[in-house]
Amino acid sequence: AYLGLIYQELHGDAETAGQCYSTALALDPEHPAALDFAAYLLLSQDPPDEERAASLHASVCRNDPYHADEPCPYHLLLARRLAMANRASLFEEEDGDGDDPGAYQELLARMDASLRNIEEKEESQLRTD
């Protein structure tokens with residue numbers, strides 16, 4: 001499963017990553033990392049397969065009730081997609097007109113810092129696994 005993540009993240013090779021996840025799941029259909037990374041891959045595709053990704057990730061959470069306590073690739077990507085989708089609307093709600101570039105840049109900086117913090121925790125967890 002971790003080999004798939006390397007192909008996906010470092011080489012941008014989604015096809016080989018998917019094959020790695022499939023192989024790991026054929027050996028152990030409940031393998032938490034393989035399920036989690038496969039969900040991440042499905043959510044990363046264009047267009048994303050959100051329903052299948054959510055289903056795989058739900059399997060991880062059912063098998064490991066503490067999984068949701070720590071950031072994972074699926075959560076990180078979901079958070080990033082939600083943040084990107086809401087950046088403009090959050091700013092307009094806060095300011096009312098969307099014309100203050102300084103406030104918008106501050107909002108982006110806060111959101112990026114939050115995402116970096118989550119990513120650092122995930123990277124640290126991957127290094128210890």
# chains A, B, ... in the order shown; residues from 1 in each chain; ligands from 1
>>> residues_around(residues="A:Gly18", least_positions_apart="6", cutoff="9 Å", atoms="only C-alpha atoms", output="PDB file with all heavy atoms, in the first residue's frame")
ATOM      1  N   GLY A   4       2.223   2.173  -3.346  1.00  0.00           N
ATOM      2  CA  GLY A   4       1.237   2.876  -4.159  1.00  0.00           C
ATOM      3  C   GLY A   4       1.235   4.363  -3.864  1.00  0.00           C
ATOM      4  O   GLY A   4       1.138   5.196  -4.779  1.00  0.00           O
ATOM      5  N   GLN A   8       1.927   7.373  -6.410  1.00  0.00           N
ATOM      6  CA  GLN A   8       0.923   8.426  -6.563  1.00  0.00           C
ATOM      7  C   GLN A   8       1.501   9.807  -6.273  1.00  0.00           C
ATOM      8  O   GLN A   8       1.325  10.740  -7.055  1.00  0.00           O
ATOM      9  CB  GLN A   8      -0.264   8.148  -5.644  1.00  0.00           C
ATOM     10  CG  GLN A   8      -1.396   9.122  -5.801  1.00  0.00           C
ATOM     11  CD  GLN A   8      -2.599   8.753  -4.960  1.00  0.00           C
ATOM     12  OE1 GLN A   8      -2.673   7.673  -4.404  1.00  0.00           O
ATOM     13  NE2 GLN A   8      -3.543   9.651  -4.874  1.00  0.00           N
ATOM     14  N   PHE A  37      -5.548   4.795   1.280  1.00  0.00           N
ATOM     15  CA  PHE A  37      -4.847   5.361   0.134  1.00  0.00           C
ATOM     16  C   PHE A  37      -5.665   5.193  -1.153  1.00  0.00           C
ATOM     17  O   PHE A  37      -5.636   6.060  -2.029  1.00  0.00           O
ATOM     18  CB  PHE A  37      -3.463   4.737  -0.035  1.00  0.00           C
ATOM     19  CG  PHE A  37      -2.541   4.973   1.126  1.00  0.00           C
ATOM     20  CD1 PHE A  37      -1.478   4.126   1.356  1.00  0.00           C
ATOM     21  CD2 PHE A  37      -2.717   6.037   1.997  1.00  0.00           C
ATOM     22  CE1 PHE A  37      -0.604   4.336   2.415  1.00  0.00           C
ATOM     23  CE2 PHE A  37      -1.862   6.259   3.066  1.00  0.00           C
ATOM     24  CZ  PHE A  37      -0.802   5.403   3.272  1.00  0.00           C
ATOM     25  N   ALA A  38      -6.391   4.080  -1.262  1.00  0.00           N
ATOM     26  CA  ALA A  38      -7.262   3.900  -2.435  1.00  0.00           C
ATOM     27  C   ALA A  38      -8.375   4.949  -2.433  1.00  0.00           C
ATOM     28  O   ALA A  38      -8.727   5.492  -3.484  1.00  0.00           O
ATOM     29  CB  ALA A  38      -7.839   2.485  -2.445  1.00  0.00           C
ATOM     30  N   LEU A  41      -6.839   8.088  -3.656  1.00  0.00           N
ATOM     31  CA  LEU A  41      -6.653   8.047  -5.104  1.00  0.00           C
ATOM     32  C   LEU A  41      -7.970   8.337  -5.824  1.00  0.00           C
ATOM     33  O   LEU A  41      -8.008   9.133  -6.767  1.00  0.00           O
ATOM     34  CB  LEU A  41      -6.098   6.693  -5.537  1.00  0.00           C
ATOM     35  CG  LEU A  41      -5.908   6.492  -7.042  1.00  0.00           C
ATOM     36  CD1 LEU A  41      -4.835   7.434  -7.569  1.00  0.00           C
ATOM     37  CD2 LEU A  41      -5.539   5.048  -7.336  1.00  0.00           C
ATOM     38  N   LEU A  42      -9.045   7.711  -5.383  1.00  0.00           N
ATOM     39  CA  LEU A  42     -10.346   7.926  -6.018  1.00  0.00           C
ATOM     40  C   LEU A  42     -10.798   9.382  -5.905  1.00  0.00           C
ATOM     41  O   LEU A  42     -11.387   9.935  -6.830  1.00  0.00           O
ATOM     42  CB  LEU A  42     -11.398   7.000  -5.406  1.00  0.00           C
ATOM     43  CG  LEU A  42     -11.222   5.519  -5.721  1.00  0.00           C
ATOM     44  CD1 LEU A  42     -12.153   4.681  -4.849  1.00  0.00           C
ATOM     45  CD2 LEU A  42     -11.480   5.255  -7.197  1.00  0.00           C
TER      46      LEU A  42
END
>>> closest_residue(among="A:Leu5, A:Cys20, A:Pro48, A:Glu30", to="A:Cys72", atoms="only C-alpha atoms")
A:Leu5
>>> residues_around(residues="A:Asp64", least_positions_apart="6", cutoff="12 Å", atoms="only C-alpha atoms", output="JSON, numbers by chain")
{"A": [30, 31, 32, 33, 35, 36, 57, 58, 70]}
>>> write_last_selection(atoms="C-alpha atoms", output="PDB file, in the first residue's frame")
ATOM      1  CA  GLU A  30      -9.408  -4.864   5.280  1.00  0.00           C
ATOM      2  CA  HIS A  31      -5.867  -3.444   5.067  1.00  0.00           C
ATOM      3  CA  PRO A  32      -6.367   0.039   6.566  1.00  0.00           C
ATOM      4  CA  ALA A  33      -3.598   1.837   4.674  1.00  0.00           C
ATOM      5  CA  LEU A  35      -8.232   1.247   1.863  1.00  0.00           C
ATOM      6  CA  ASP A  36      -7.287   4.733   2.977  1.00  0.00           C
ATOM      7  CA  HIS A  57     -12.804   5.439   3.831  1.00  0.00           C
ATOM      8  CA  ALA A  58     -15.876   4.444   5.850  1.00  0.00           C
ATOM      9  CA  GLU A  70      -5.533  11.595  13.048  1.00  0.00           C
TER      10      GLU A  70
END
>>> atom_distance(atom1="atom CA of A:Leu3", atom2="atom CA of A:Tyr21")
8.5 Å
>>> atom_distance(atom1="atom CA of A:Asp13", atom2="atom CA of A:Gln45")
11.4 Å
>>> residues_around(residues="A:His75", least_positions_apart="5", cutoff="9 Å", atoms="only C-alpha atoms", output="short mmCIF file (atom, residue, chain, number, x, y, z; two decimals) with N, CA and C atoms, in the first residue's frame")
data_model
loop_
_atom_site.label_atom_id
_atom_site.label_comp_id
_atom_site.auth_asym_id
_atom_site.auth_seq_id
_atom_site.Cartn_x
_atom_site.Cartn_y
_atom_site.Cartn_z
N TYR A 40 -8.13 7.90 -1.16
CA TYR A 40 -7.42 9.13 -1.53
C TYR A 40 -7.24 9.20 -3.05
N ALA A 68 -10.22 8.39 12.65
CA ALA A 68 -10.67 9.78 12.41
C ALA A 68 -9.98 10.77 13.33
N ARG A 80 -8.75 20.08 1.65
CA ARG A 80 -8.22 20.99 0.65
C ARG A 80 -9.28 21.33 -0.40
#
>>> atom_distance(atom1="atom CA of A:Ala14", atom2="atom CA of A:Asp49")
13.6 Å
